[in-house]
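Shown next: upload_1.cif, given as mmCIF, C-alpha atoms (C1' of nucleotides).
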```cif
data_protein
loop_
_atom_site.label_atom_id
_atom_site.label_comp_id
_atom_site.auth_asym_id
_atom_site.auth_seq_id
_atom_site.Cartn_x
_atom_site.Cartn_y
_atom_site.Cartn_z
CA MET A 20 181.69 92.57 236.35
CA PHE A 21 182.79 93.22 232.74
CA ARG A 22 182.75 90.72 229.91
CA VAL A 23 183.70 91.18 226.25
CA LYS A 24 181.07 89.42 224.13
CA SER A 25 182.46 90.04 220.67
CA LYS A 26 185.30 91.84 218.95
CA ASN A 27 185.81 93.49 215.59
CA ASN A 28 189.54 94.03 215.33
CA LEU A 29 190.25 96.32 218.29
CA ALA A 30 186.61 97.27 218.90
CA ARG A 31 184.72 95.48 221.65
CA HIS A 32 181.08 94.77 222.34
CA GLY A 33 180.57 93.78 225.96
CA ARG A 34 178.44 93.78 229.05
CA LEU A 35 179.11 95.67 232.25
CA GLU A 36 177.32 94.53 235.41
CA THR A 37 176.46 97.08 238.08
CA ALA A 38 174.39 97.22 241.26
CA HIS A 39 171.55 98.72 239.21
CA GLY A 40 171.64 96.34 236.26
CA ALA A 41 173.79 95.48 233.27
CA ILE A 42 174.86 97.86 230.51
CA GLU A 43 175.69 96.88 226.95
CA THR A 44 178.97 98.40 225.73
CA PRO A 45 180.04 100.56 224.05
CA PHE A 46 177.67 103.14 225.50
CA PHE A 47 177.10 106.86 225.89
CA MET A 48 176.15 108.56 229.17
CA PRO A 49 173.85 111.59 229.03
CA ILE A 50 175.02 114.20 231.52
CA ALA A 51 172.83 114.94 234.53
CA THR A 52 175.16 117.45 236.13
CA ARG A 53 172.97 118.43 239.06
CA GLY A 54 170.80 115.36 239.11
CA ALA A 55 168.86 116.10 235.94
CA VAL A 56 169.55 115.91 232.22
CA LYS A 57 168.56 119.47 231.37
CA THR A 58 164.95 119.70 230.12
CA MET A 59 164.36 115.95 230.56
CA SER A 60 162.68 113.80 233.19
CA SER A 61 164.28 110.51 234.15
CA GLU A 62 161.51 108.71 232.29
CA ASP A 63 162.28 110.74 229.16
CA VAL A 64 165.95 109.77 229.39
CA ARG A 65 165.06 106.12 229.88
CA ASP A 66 162.62 106.17 226.96
CA LEU A 67 165.29 107.61 224.68
CA GLY A 68 167.29 104.47 225.36
CA ALA A 69 169.90 105.64 227.87
CA GLN A 70 171.32 102.83 229.99
CA ILE A 71 173.20 105.03 232.45
CA VAL A 72 173.66 108.72 233.27
CA LEU A 73 176.61 110.72 234.55
CA SER A 74 176.29 113.18 237.42
CA ASN A 75 178.73 115.52 239.09
CA THR A 76 180.24 115.30 242.54
CA TYR A 77 181.29 118.94 242.43
CA HIS A 78 177.81 120.29 241.74
CA LEU A 79 176.02 118.00 244.14
CA LEU A 80 178.56 118.80 246.83
CA LEU A 81 177.58 122.48 246.59
CA ARG A 82 173.87 121.63 246.60
CA PRO A 83 172.41 119.68 248.32
CA GLY A 84 175.76 118.80 249.95
CA SER A 85 177.01 115.59 251.46
CA GLU A 86 174.70 115.52 254.50
CA GLY A 87 171.75 116.65 252.41
CA MET A 88 172.36 113.89 249.88
CA LYS A 89 172.45 111.25 252.63
CA LYS A 90 169.23 112.58 254.11
CA LEU A 91 167.62 112.45 250.66
CA GLY A 92 168.51 108.79 250.33
CA GLY A 93 171.05 109.00 247.53
CA LEU A 94 170.75 110.14 243.96
CA HIS A 95 168.96 107.13 242.43
CA GLU A 96 165.95 107.57 244.65
CA PHE A 97 166.12 111.38 244.61
CA MET A 98 165.97 111.69 240.80
CA HIS A 99 163.83 108.60 240.35
CA TRP A 100 166.36 106.86 238.15
CA GLY A 101 166.54 103.11 238.67
CA LYS A 102 169.42 102.44 236.29
CA PRO A 103 173.15 102.87 236.84
CA ILE A 104 174.80 106.19 237.65
CA LEU A 105 178.43 107.18 237.19
CA THR A 106 179.80 110.22 238.97
CA ASP A 107 182.74 112.35 238.04
CA SER A 108 185.03 113.10 240.95
CA GLY A 109 185.15 116.90 240.79
CA GLY A 110 188.74 116.99 239.55
CA TYR A 111 187.76 118.26 236.13
CA GLN A 112 185.41 120.93 237.48
CA VAL A 113 188.23 122.41 239.49
CA PHE A 114 190.15 122.62 236.23
CA SER A 115 187.32 123.95 234.07
CA LEU A 116 185.11 125.98 236.41
CA ALA A 117 186.91 127.19 239.50
CA LYS A 118 188.66 130.49 238.86
CA ILE A 119 190.18 130.78 242.30
CA ASN A 120 191.89 127.64 243.41
CA ALA A 121 195.09 126.31 244.86
CA THR A 122 196.22 122.80 244.11
CA ASP A 123 198.79 120.97 246.21
CA ASP A 124 199.60 117.32 246.68
CA ASP A 125 196.97 116.94 249.37
CA GLY A 126 194.01 118.32 247.40
CA VAL A 127 192.38 121.43 245.96
CA SER A 128 190.95 124.60 247.51
CA PHE A 129 188.48 126.72 245.61
CA GLN A 130 185.44 128.93 246.03
CA SER A 131 181.88 127.91 245.30
CA HIS A 132 180.60 129.60 242.14
CA ILE A 133 177.22 129.88 243.89
CA ASP A 134 177.97 131.74 247.11
CA GLY A 135 181.73 132.04 247.33
CA THR A 136 182.12 129.56 250.18
CA ARG A 137 185.67 128.23 250.41
CA ILE A 138 185.71 124.53 249.71
CA ARG A 139 188.43 121.94 250.14
CA LEU A 140 188.28 118.86 247.98
CA THR A 141 190.61 115.92 248.54
CA PRO A 142 190.66 112.36 247.20
CA GLU A 143 189.09 111.16 250.46
CA GLY A 144 186.46 113.91 250.38
CA SER A 145 185.51 113.05 246.81
CA MET A 146 185.17 109.37 247.74
CA ALA A 147 182.94 110.27 250.69
CA MET A 148 180.68 112.45 248.54
CA GLN A 149 180.42 109.83 245.82
CA ALA A 150 179.48 107.31 248.53
CA ALA A 151 176.73 109.66 249.72
CA ILE A 152 175.46 109.96 246.14
CA GLY A 153 175.47 106.19 245.89
CA SER A 154 176.78 106.00 242.31
CA ASP A 155 177.36 102.59 240.80
CA ILE A 156 180.63 103.72 239.26
CA ILE A 157 182.83 106.35 240.85
CA MET A 158 185.85 108.11 239.43
CA GLN A 159 189.12 108.74 241.19
CA PHE A 160 189.91 112.36 242.05
CA ASP A 161 192.46 113.62 239.50
CA ASP A 162 194.48 116.61 238.39
CA VAL A 163 193.84 117.73 234.80
CA ALA A 164 196.35 119.68 232.72
CA ALA A 165 195.18 121.98 229.92
CA GLY A 166 195.65 120.86 226.32
CA ASP A 167 198.57 123.19 225.64
CA SER A 168 200.56 122.42 228.78
CA SER A 169 204.29 121.90 228.99
CA ARG A 170 205.64 118.41 229.46
CA GLU A 171 206.52 119.36 233.03
CA ARG A 172 202.93 120.29 233.80
CA TYR A 173 201.59 117.11 232.15
CA GLN A 174 204.02 115.08 234.22
CA GLU A 175 203.08 116.86 237.44
CA ALA A 176 199.35 116.29 236.82
CA MET A 177 199.98 112.65 235.94
CA GLU A 178 202.10 111.92 239.02
CA ARG A 179 199.77 113.77 241.34
CA SER A 180 196.77 111.91 239.87
CA LEU A 181 198.57 108.63 240.45
CA GLY A 182 199.14 109.47 244.11
CA TRP A 183 195.51 110.46 244.47
CA ALA A 184 194.46 107.22 242.74
CA ARG A 185 196.13 105.24 245.53
CA ARG A 186 194.36 107.29 248.20
CA CYS A 187 190.98 106.92 246.44
CA LYS A 188 191.44 103.16 246.21
CA ASP A 189 192.24 103.08 249.93
CA SER A 190 189.19 105.08 251.01
CA TYR A 191 186.30 104.33 248.65
CA ASP A 192 183.09 102.50 249.51
CA GLN A 193 183.73 98.97 248.27
CA LYS A 194 180.10 98.47 247.28
CA GLN A 195 180.88 100.79 244.39
CA GLN A 196 183.06 100.21 241.33
CA ILE A 197 185.97 102.59 241.04
CA PHE A 198 187.79 103.72 237.90
CA GLY A 199 191.31 105.12 237.66
CA ILE A 200 192.10 107.94 235.23
CA VAL A 201 195.11 107.90 232.90
CA GLN A 202 196.78 111.30 232.53
CA GLY A 203 199.97 112.37 230.76
CA GLY A 204 198.75 114.74 228.05
CA THR A 205 200.01 114.04 224.55
CA HIS A 206 203.15 112.15 225.61
CA GLU A 207 203.02 108.39 225.14
CA ASP A 208 205.71 107.65 227.71
CA LEU A 209 203.85 109.62 230.39
CA ARG A 210 200.60 107.91 229.41
CA ARG A 211 202.26 104.51 229.66
CA GLN A 212 203.70 105.34 233.08
CA SER A 213 200.28 106.51 234.23
CA ALA A 214 198.47 103.43 232.90
CA GLU A 215 200.97 101.02 234.44
CA GLY A 216 200.84 102.80 237.78
CA LEU A 217 197.05 102.54 237.81
CA MET A 218 197.11 98.87 236.79
CA ASP A 219 199.47 98.16 239.69
CA ILE A 220 196.92 99.64 242.08
CA GLY A 221 194.11 97.80 240.29
CA PHE A 222 190.82 99.34 239.25
CA ASP A 223 187.43 98.13 238.00
CA GLY A 224 187.88 100.20 234.86
CA TYR A 225 190.27 102.68 233.31
CA ALA A 226 189.49 106.13 232.01
CA ILE A 227 191.39 108.23 229.51
CA GLY A 228 191.39 111.72 230.96
CA GLY A 229 192.86 115.04 229.95
CA LEU A 230 191.86 114.87 226.27
CA SER A 231 189.44 117.10 224.36
CA VAL A 232 190.81 119.96 226.43
CA GLY A 233 192.42 121.98 223.65
CA GLU A 234 195.01 119.60 222.21
CA LYS A 235 195.01 118.71 218.51
CA ARG A 236 192.52 116.05 217.53
CA GLU A 237 195.16 113.86 215.91
CA ASP A 238 197.04 113.86 219.23
CA ALA A 239 193.90 112.65 221.01
CA PHE A 240 193.45 109.94 218.34
CA ARG A 241 197.07 108.84 218.67
CA ILE A 242 197.04 108.69 222.48
CA THR A 243 193.73 106.87 222.60
CA LYS A 244 194.84 104.28 220.08
CA PHE A 245 198.02 103.79 222.05
CA LEU A 246 196.09 103.24 225.27
CA GLY A 247 193.70 100.87 223.52
CA SER A 248 196.62 98.48 223.22
CA THR A 249 198.05 99.24 226.67
CA LEU A 250 195.08 99.03 229.03
CA PRO A 251 193.83 95.62 230.26
CA GLU A 252 191.59 93.68 227.88
CA ASP A 253 189.24 92.53 230.61
CA LYS A 254 188.33 95.94 232.03
CA PRO A 255 186.15 98.67 230.54
CA ARG A 256 187.84 101.72 229.00
CA TYR A 257 186.22 105.11 229.33
CA PHE A 258 187.08 108.14 227.17
CA MET A 259 186.17 111.09 229.37
CA GLY A 260 184.34 114.07 227.96
CA GLY A 261 184.36 113.34 224.24
CA GLY A 262 183.28 113.95 221.66
CA MET A 263 181.83 114.62 218.25
CA PRO A 264 180.17 111.60 216.60
CA GLU A 265 183.16 110.93 214.32
CA GLU A 266 185.49 110.97 217.34
CA ILE A 267 183.35 108.44 219.15
CA VAL A 268 183.27 106.17 216.12
CA TYR A 269 187.04 106.32 215.92
CA TYR A 270 187.58 105.69 219.64
CA VAL A 271 185.22 102.73 219.56
CA SER A 272 187.19 101.34 216.64
CA VAL A 273 190.36 101.37 218.75
CA GLY A 274 188.77 99.71 221.77
CA VAL A 275 187.01 102.31 223.94
CA ASP A 276 183.79 101.21 225.68
CA MET A 277 182.34 104.24 227.46
CA PHE A 278 181.67 107.90 226.64
CA ASP A 279 180.12 111.03 228.03
CA CYS A 280 179.95 114.46 226.48
CA VAL A 281 178.06 117.72 226.90
CA LEU A 282 177.90 118.33 223.15
CA PRO A 283 174.53 116.72 222.34
CA THR A 284 172.73 118.41 225.22
CA ARG A 285 174.53 121.75 225.19
CA ASN A 286 174.42 122.10 221.43
CA ALA A 287 170.71 121.30 221.55
CA ARG A 288 170.09 124.24 223.85
CA HIS A 289 172.02 126.44 221.42
CA GLY A 290 169.96 125.28 218.45
CA THR A 291 172.62 123.07 216.86
CA LEU A 292 171.27 119.67 215.88
CA PHE A 293 172.90 116.40 214.89
CA VAL A 294 170.82 115.04 212.03
CA TRP A 295 171.29 111.72 210.24
CA LYS A 296 172.30 111.97 206.60
CA GLN A 297 170.93 108.54 205.80
CA ASP A 298 169.53 105.45 207.50
CA PRO A 299 171.58 105.11 210.72
CA LYS A 300 172.20 101.42 210.23
CA GLU A 301 174.00 101.95 206.95
CA ALA A 302 175.54 105.26 208.01
CA VAL A 303 177.17 103.85 211.14
CA ARG A 304 178.33 100.65 209.47
CA HIS A 305 180.08 102.70 206.81
CA ALA A 306 181.56 105.21 209.27
CA PHE A 307 182.91 102.42 211.45
CA GLN A 308 184.49 100.75 208.46
CA LEU A 309 186.18 104.03 207.47
CA ALA A 310 187.49 104.44 211.01
CA GLN A 311 188.98 100.97 210.94
CA GLU A 312 190.67 101.75 207.65
CA GLY A 313 192.31 104.75 209.27
CA ALA A 314 190.25 107.47 207.61
CA ASN A 315 190.48 110.94 209.12
CA ASP A 316 187.71 112.51 211.20
CA ALA A 317 186.23 114.53 208.33
CA MET A 318 185.90 111.40 206.19
CA ILE A 319 184.22 109.48 209.02
CA ALA A 320 181.74 112.31 209.55
CA GLU A 321 181.06 112.82 205.85
CA ASN A 322 178.08 110.54 205.28
CA LEU A 323 177.17 110.05 208.92
CA TYR A 324 175.42 113.24 209.91
CA GLN A 325 175.05 116.93 209.32
CA SER A 326 175.13 119.61 211.95
CA ILE A 327 172.38 122.16 211.41
CA SER A 328 171.56 125.46 213.12
CA ILE A 329 167.82 125.32 213.43
CA THR A 330 167.52 129.07 213.98
CA LYS A 331 168.69 129.81 210.42
CA GLU A 332 166.34 131.55 208.05
CA PRO A 333 166.07 128.76 205.44
CA TYR A 334 164.23 126.62 208.02
CA ALA A 335 161.49 129.22 208.55
CA PHE A 336 159.10 127.40 206.24
CA ASP A 337 160.77 124.00 206.11
CA LEU A 338 157.92 121.63 206.87
CA SER A 339 160.05 118.49 206.71
CA PRO A 340 160.51 116.47 209.94
CA ILE A 341 163.31 117.46 212.32
CA ASP A 342 165.05 114.22 211.35
CA GLN A 343 163.40 111.78 208.97
CA PHE A 344 165.80 108.97 209.92
CA SER A 345 165.53 109.40 213.69
CA ASP A 346 163.75 106.87 215.86
CA VAL A 347 162.75 109.62 218.30
CA VAL A 348 159.01 110.09 217.84
CA SER A 349 159.00 113.88 218.29
CA SER A 350 161.79 114.26 215.72
CA LYS A 351 159.62 112.59 213.10
CA THR A 352 156.33 114.29 214.00
CA TYR A 353 157.48 117.89 214.50
CA THR A 354 158.83 119.99 211.64
CA LYS A 355 162.01 122.01 211.36
CA ALA A 356 159.92 125.14 210.85
CA TYR A 357 158.09 124.52 214.12
CA LEU A 358 161.30 123.88 216.05
CA ARG A 359 162.82 127.06 214.61
CA HIS A 360 159.72 128.97 215.65
CA LEU A 361 160.02 127.62 219.20
CA PHE A 362 163.64 128.79 219.39
CA LYS A 363 162.81 132.20 217.92
CA THR A 364 160.02 132.73 220.43
CA ASP A 365 162.01 131.35 223.38
CA GLU A 366 159.53 128.59 224.03
CA MET A 367 160.98 126.01 226.44
CA LEU A 368 159.63 123.17 224.35
CA GLY A 369 162.26 124.02 221.73
CA LEU A 370 165.11 123.17 224.12
CA ARG A 371 163.40 119.94 224.98
CA LEU A 372 162.70 118.79 221.42
CA ALA A 373 166.26 119.67 220.39
CA THR A 374 167.69 117.77 223.36
CA MET A 375 165.61 114.72 222.50
CA GLN A 376 166.86 114.84 218.91
CA ASN A 377 170.54 115.09 219.86
CA LEU A 378 170.48 112.56 222.67
CA GLY A 379 168.45 110.25 220.47
CA PHE A 380 171.15 110.64 217.82
CA TYR A 381 174.01 109.77 220.18
CA LEU A 382 172.19 106.84 221.76
CA ARG A 383 171.28 105.44 218.35
CA LEU A 384 174.87 105.89 217.21
CA MET A 385 176.03 103.68 220.08
CA LYS A 386 173.33 101.12 219.43
CA GLU A 387 174.36 100.76 215.81
CA LEU A 388 178.04 100.57 216.78
CA ARG A 389 177.23 97.68 219.13
CA ARG A 390 175.57 95.94 216.19
CA VAL A 391 178.55 96.12 213.87
CA ILE A 392 181.07 94.82 216.41
"C1'" G B 4 140.37 170.38 199.45
"C1'" C B 5 142.75 172.92 203.88
"C1'" G B 6 145.99 172.73 208.31
"C1'" G B 7 149.55 170.15 211.33
"C1'" C B 8 153.18 166.21 212.19
"C1'" C B 9 156.53 162.72 210.01
"C1'" A B 10 160.08 160.06 206.42
"C1'" U B 11 167.32 157.17 209.19
"C1'" G B 12 169.88 149.28 207.54
"C1'" G B 13 165.10 143.95 206.50
"C1'" U B 14 162.17 145.81 211.27
"C1'" G B 15 161.82 149.30 215.45
"C1'" A B 16 164.30 153.27 217.28
"C1'" A B 17 168.72 157.12 218.55
"C1'" A B 18 171.86 161.27 217.13
"C1'" C B 19 174.04 165.77 215.25
"C1'" G B 20 175.43 172.13 210.90
"C1'" G B 21 181.73 169.12 211.39
"C1'" U B 22 186.14 162.52 212.22
"C1'" U B 23 184.20 156.42 209.96
"C1'" A B 24 175.76 158.07 211.57
"C1'" U B 25 174.61 154.71 217.14
"C1'" C B 26 171.57 150.67 219.41
"C1'" A B 27 168.35 146.40 219.55
"C1'" C B 28 166.14 142.59 216.83
"C1'" A B 29 166.67 140.04 212.19
"C1'" C B 30 170.23 137.97 208.64
"C1'" C B 31 175.21 135.56 207.56
"C1'" A B 32 179.81 133.00 209.25
"C1'" G B 33 182.36 130.72 213.13
"C1'" U B 34 183.04 128.65 218.27
"C1'" U B 35 181.14 124.97 222.08
"C1'" U B 36 184.11 118.14 224.05
"C1'" G B 37 184.64 114.43 232.52
"C1'" U B 38 177.89 121.32 231.46
"C1'" G B 39 178.09 127.99 235.83
"C1'" G B 40 170.37 126.98 231.78
"C1'" U B 41 169.34 128.64 226.78
"C1'" A B 42 175.97 131.29 225.58
"C1'" C B 43 180.13 133.58 223.06
"C1'" U B 44 183.07 135.91 218.85
"C1'" G B 45 182.98 138.14 214.29
"C1'" G B 46 180.41 140.07 209.72
"C1'" U B 47 176.74 142.36 205.92
"C1'" A B 48 173.39 146.30 205.60
"C1'" U B 49 170.76 152.79 206.54
"C1'" U B 50 169.86 159.13 206.18
"C1'" A B 51 162.69 158.50 200.65
"C1'" C B 52 163.47 161.43 195.74
"C1'" G B 53 164.96 166.25 193.34
"C1'" G B 54 166.86 171.07 194.11
"C1'" G B 55 168.81 175.17 197.31
"C1'" U B 56 171.73 177.69 201.55
"C1'" U B 57 176.74 176.52 203.52
"C1'" C B 58 183.76 175.61 203.56
"C1'" G B 59 180.70 171.38 205.12
"C1'" A B 60 173.63 169.04 205.16
"C1'" U B 61 171.24 163.09 207.78
"C1'" U B 62 170.45 167.92 210.39
"C1'" C B 63 168.32 174.33 207.82
"C1'" C B 64 164.98 175.98 203.36
"C1'" C B 65 161.80 174.77 198.84
"C1'" G B 66 159.46 171.17 195.84
"C1'" U B 67 157.92 165.91 194.75
"C1'" U B 68 156.25 161.32 196.57
"C1'" G B 69 154.40 158.51 200.61
"C1'" G B 70 152.31 157.94 205.67
"C1'" C B 71 149.62 159.57 210.24
"C1'" C B 72 146.24 163.10 212.79
"C1'" G B 73 142.57 167.00 212.71
"C1'" C B 74 138.88 170.18 210.05
"C1'" C B 75 135.08 171.03 206.17
#
```

Rendering of file as structure tokens:
Amino acid sequence: MFRVKSKNNLARHGRLETAHGAIETPFFMPIATRGAVKTMSSEDVRDLGAQIVLSNTYHLLLRPGSEGMKKLGGLHEFMHWGKPILTDSGGYQVFSLAKINATDDDGVSFQSHIDGTRIRLTPEGSMAMQAAIGSDIIMQFDDVAAGDSSRERYQEAMERSLGWARRCKDSYDQKQQIFGIVQGGTHEDLRRQSAEGLMDIGFDGYAIGGLSVGEKREDAFRITKFLGSTLPEDKPRYFMGGGMPEEIVYYVSVGVDMFDCVLPTRNARHGTLFVWKQDPKEAVRHAFQLAQEGANDAMIAENLYQSISITKEPYAFDLSPIDQFSDVVSSKTYTKAYLRHLFKTDEMLGLRLATMQNLGFYLRLMKELRRVI
RNA sequence: GCGGCCAUGGUGAAACGGUUAUCACACCAGUUUGUGGUACUGGUAUUACGGGUUCGAUUCCCGUUGGCCGCC
């Protein structure tokens, strides 16, 4: 299923086989929360170079629901996406979205943000929904603690997630690949206990959860590096939910293979663009080298990219391309002034061009990282 | 030329003889990390000019300048 093809110190370049084709690692998953990457068609996402997308059990459970999804023939067919799909289990959404919820060892109760319906989500329920979706890779249902939690809360979330991991492994559809999620906050001993517990159960891959949720970045770096040397060599490692380009470069340098993050797509809709500072080939090679030498995040980011707010006044008459180093066609043919105009006049095309730029940036970043490993 | 109306941040408006002149947009700075669909939090900046009445004027009066409407 997963094979490491080459290594550069701790970093790995590999190949992950799925029911819908193979994926070169390390890779980034654009987020199609409700079965669509916002503003993009599946063909657009494919043409930008995405190998896989992430969708959300929580959102699809609310609409179209489990029965509806079965009737529609599963998500691949529904959204006309022939490549792999990974689904999140809904555990994180309960943590980040649901205001009213009660968590106990059996599962979670919360109210739909759409119509207030009371919903019960359990490890078994999440497995059933992910089976209905037909994802290639499914995630265990987990309990996520906020980034400033007490050790007691981190421990509770970790132990509960471990119990749920067992139940997910016992009830999932075996045609799918299932990943366990390491919890334990910023404490290495809790993380180790979590990782070992999951390895005893045995999963197709291992995710690092509960980071980028408010803790300090150096804590996330430390924990991820620690897990890079703890998790099995022959299984893919997935850093959930992160991050900025410099974070991804660092995590790849310590052995992480998979990423997803809302930043490129959400920032795009808010007019914040990731723009290459120089030719990506050279930029990424240099950033990766800095990461391996233990440089901090600011140093890694320094010559890699700049973050620009396209709505700012200085771009009003800037007729230079959106990104002269991008390989996204629209980013080379349309100007910054035009994109700013589209944002200022609320034209939908602006959201789309910005999303293409940012996703194109992230996907190119991963491509260049694969080259240097 | 005569008569009438008007002049408030960069723009468009609001207010009142009495605390620190309000709002929107624009502008500037920041935030966004397993997505509740274009968000959020801060910040800069204004009574055309000159004089008068008054304890106090952005408000009332006179003049200047500028604009709009009508008349010859």

Near stretch 231-239 of chain A, counting all atoms listed in the file, which residues have an atom at most 7 Å away, once you skip same-chain residues fewer than 2 positions from it, shown as a ChimeraX atom specification?
-> /A:165-167,205,229,241-243,260-261 /B:36

Expected file: the selected residues, C-alpha atoms (C1' of nucleotides), as an mmCIF file, keeping the file's coordinate frame:
```
data_model
loop_
_atom_site.group_PDB
_atom_site.id
_atom_site.type_symbol
_atom_site.label_atom_id
_atom_site.label_comp_id
_atom_site.auth_asym_id
_atom_site.auth_seq_id
_atom_site.Cartn_x
_atom_site.Cartn_y
_atom_site.Cartn_z
ATOM 1 C CA ALA A 165 195.180 121.980 229.920
ATOM 2 C CA GLY A 166 195.650 120.860 226.320
ATOM 3 C CA ASP A 167 198.570 123.190 225.640
ATOM 4 C CA THR A 205 200.010 114.040 224.550
ATOM 5 C CA GLY A 229 192.860 115.040 229.950
ATOM 6 C CA ARG A 241 197.070 108.840 218.670
ATOM 7 C CA ILE A 242 197.040 108.690 222.480
ATOM 8 C CA THR A 243 193.730 106.870 222.600
ATOM 9 C CA GLY A 260 184.340 114.070 227.960
ATOM 10 C CA GLY A 261 184.360 113.340 224.240
ATOM 11 C "C1'" U B 36 184.110 118.140 224.050
#
```

Counting all atoms listed in the file, which residues of chain A sit at most 7 Å from some atom of chain B, and what is each one's closest atom pair with its distance in Å to one decimal, listed by chain and rising residue number, as a tab-separated table?
```
residue	atom	partner	partner_atom	distance
A:Thr52	CA	B:U38	C1'	6.7
A:Asp107	CA	B:G37	C1'	6.2
A:Tyr111	CA	B:G37	C1'	6.1
A:His132	CA	B:G39	C1'	7.0
A:Ser231	CA	B:U36	C1'	5.4
A:Met259	CA	B:G37	C1'	4.8
A:Gly260	CA	B:G37	C1'	4.6
A:Gly261	CA	B:U36	C1'	4.8
A:Gly262	CA	B:U36	C1'	4.9
A:Cys280	CA	B:U36	C1'	6.1
A:Val281	CA	B:U38	C1'	5.8
A:Leu282	CA	B:U36	C1'	6.3
A:Arg288	CA	B:U41	C1'	5.3
A:His289	CA	B:U41	C1'	6.4
```

Apply the PyMOL selection byres ((chain B and resi 26) around 10) to the structure shown and report the selected residues as a PyMOL selection string.
-> chain B and resi 16-17+25+27

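Counting from atom CA of A:Gln376, the distance to atom CA of A:Ala69 is 13.2 Å.
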
Excluding stretch 182-198 of chain A and residues on its chain fewer than 5 positions from it, collect all residues at most 7 Å away from it, counting only C-alpha atoms (C1' of nucleotides), and give them as a PyMOL selection string.
-> chain A and resi 142-143+146+150+154-161+220+222-226

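In this structure, atom CA of A:Asn286 sits 14.6 Å away from atom CA of A:Lys331.
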
For A:Val271, the closest of A:Val303, A:Ile133, A:Ala147, A:Leu116 counting all atoms listed in the file is A:Val303

Once N, CA and C atoms are restored for stretch 288-301 of chain A, what would the output be as a PDB file, in the frame of the given file?
```
ATOM      1  N   ARG A 288     170.613 123.012 223.247  1.00  0.00           N
ATOM      2  CA  ARG A 288     170.090 124.240 223.850  1.00  0.00           C
ATOM      3  C   ARG A 288     170.531 125.480 223.078  1.00  0.00           C
ATOM      4  N   HIS A 289     171.565 125.315 222.249  1.00  0.00           N
ATOM      5  CA  HIS A 289     172.020 126.440 221.420  1.00  0.00           C
ATOM      6  C   HIS A 289     171.500 126.322 219.990  1.00  0.00           C
ATOM      7  N   GLY A 290     170.599 125.379 219.766  1.00  0.00           N
ATOM      8  CA  GLY A 290     169.960 125.280 218.450  1.00  0.00           C
ATOM      9  C   GLY A 290     170.757 124.534 217.401  1.00  0.00           C
ATOM     10  N   THR A 291     171.820 123.839 217.815  1.00  0.00           N
ATOM     11  CA  THR A 291     172.620 123.070 216.860  1.00  0.00           C
ATOM     12  C   THR A 291     172.241 121.591 216.959  1.00  0.00           C
ATOM     13  N   LEU A 292     171.781 121.034 215.865  1.00  0.00           N
ATOM     14  CA  LEU A 292     171.270 119.670 215.880  1.00  0.00           C
ATOM     15  C   LEU A 292     172.172 118.705 215.113  1.00  0.00           C
ATOM     16  N   PHE A 293     172.271 117.484 215.637  1.00  0.00           N
ATOM     17  CA  PHE A 293     172.900 116.400 214.890  1.00  0.00           C
ATOM     18  C   PHE A 293     171.783 115.667 214.160  1.00  0.00           C
ATOM     19  N   VAL A 294     171.881 115.631 212.838  1.00  0.00           N
ATOM     20  CA  VAL A 294     170.820 115.040 212.030  1.00  0.00           C
ATOM     21  C   VAL A 294     171.430 113.974 211.113  1.00  0.00           C
ATOM     22  N   TRP A 295     170.796 112.808 211.092  1.00  0.00           N
ATOM     23  CA  TRP A 295     171.290 111.720 210.240  1.00  0.00           C
ATOM     24  C   TRP A 295     171.243 112.110 208.783  1.00  0.00           C
ATOM     25  N   LYS A 296     172.279 111.708 208.040  1.00  0.00           N
ATOM     26  CA  LYS A 296     172.300 111.970 206.600  1.00  0.00           C
ATOM     27  C   LYS A 296     171.620 110.851 205.834  1.00  0.00           C
ATOM     28  N   GLN A 297     171.565 109.691 206.448  1.00  0.00           N
ATOM     29  CA  GLN A 297     170.930 108.540 205.800  1.00  0.00           C
ATOM     30  C   GLN A 297     170.497 107.580 206.892  1.00  0.00           C
ATOM     31  N   ASP A 298     169.952 106.449 206.529  1.00  0.00           N
ATOM     32  CA  ASP A 298     169.530 105.450 207.500  1.00  0.00           C
ATOM     33  C   ASP A 298     170.704 105.124 208.432  1.00  0.00           C
ATOM     34  N   PRO A 299     170.490 105.259 209.756  1.00  0.00           N
ATOM     35  CA  PRO A 299     171.580 105.110 210.720  1.00  0.00           C
ATOM     36  C   PRO A 299     172.313 103.767 210.615  1.00  0.00           C
ATOM     37  N   LYS A 300     171.590 102.746 210.315  1.00  0.00           N
ATOM     38  CA  LYS A 300     172.200 101.420 210.230  1.00  0.00           C
ATOM     39  C   LYS A 300     173.337 101.422 209.217  1.00  0.00           C
ATOM     40  N   GLU A 301     173.016 101.909 208.034  1.00  0.00           N
ATOM     41  CA  GLU A 301     174.000 101.950 206.950  1.00  0.00           C
ATOM     42  C   GLU A 301     175.063 103.005 207.243  1.00  0.00           C
TER      43      GLU A 301
END
```
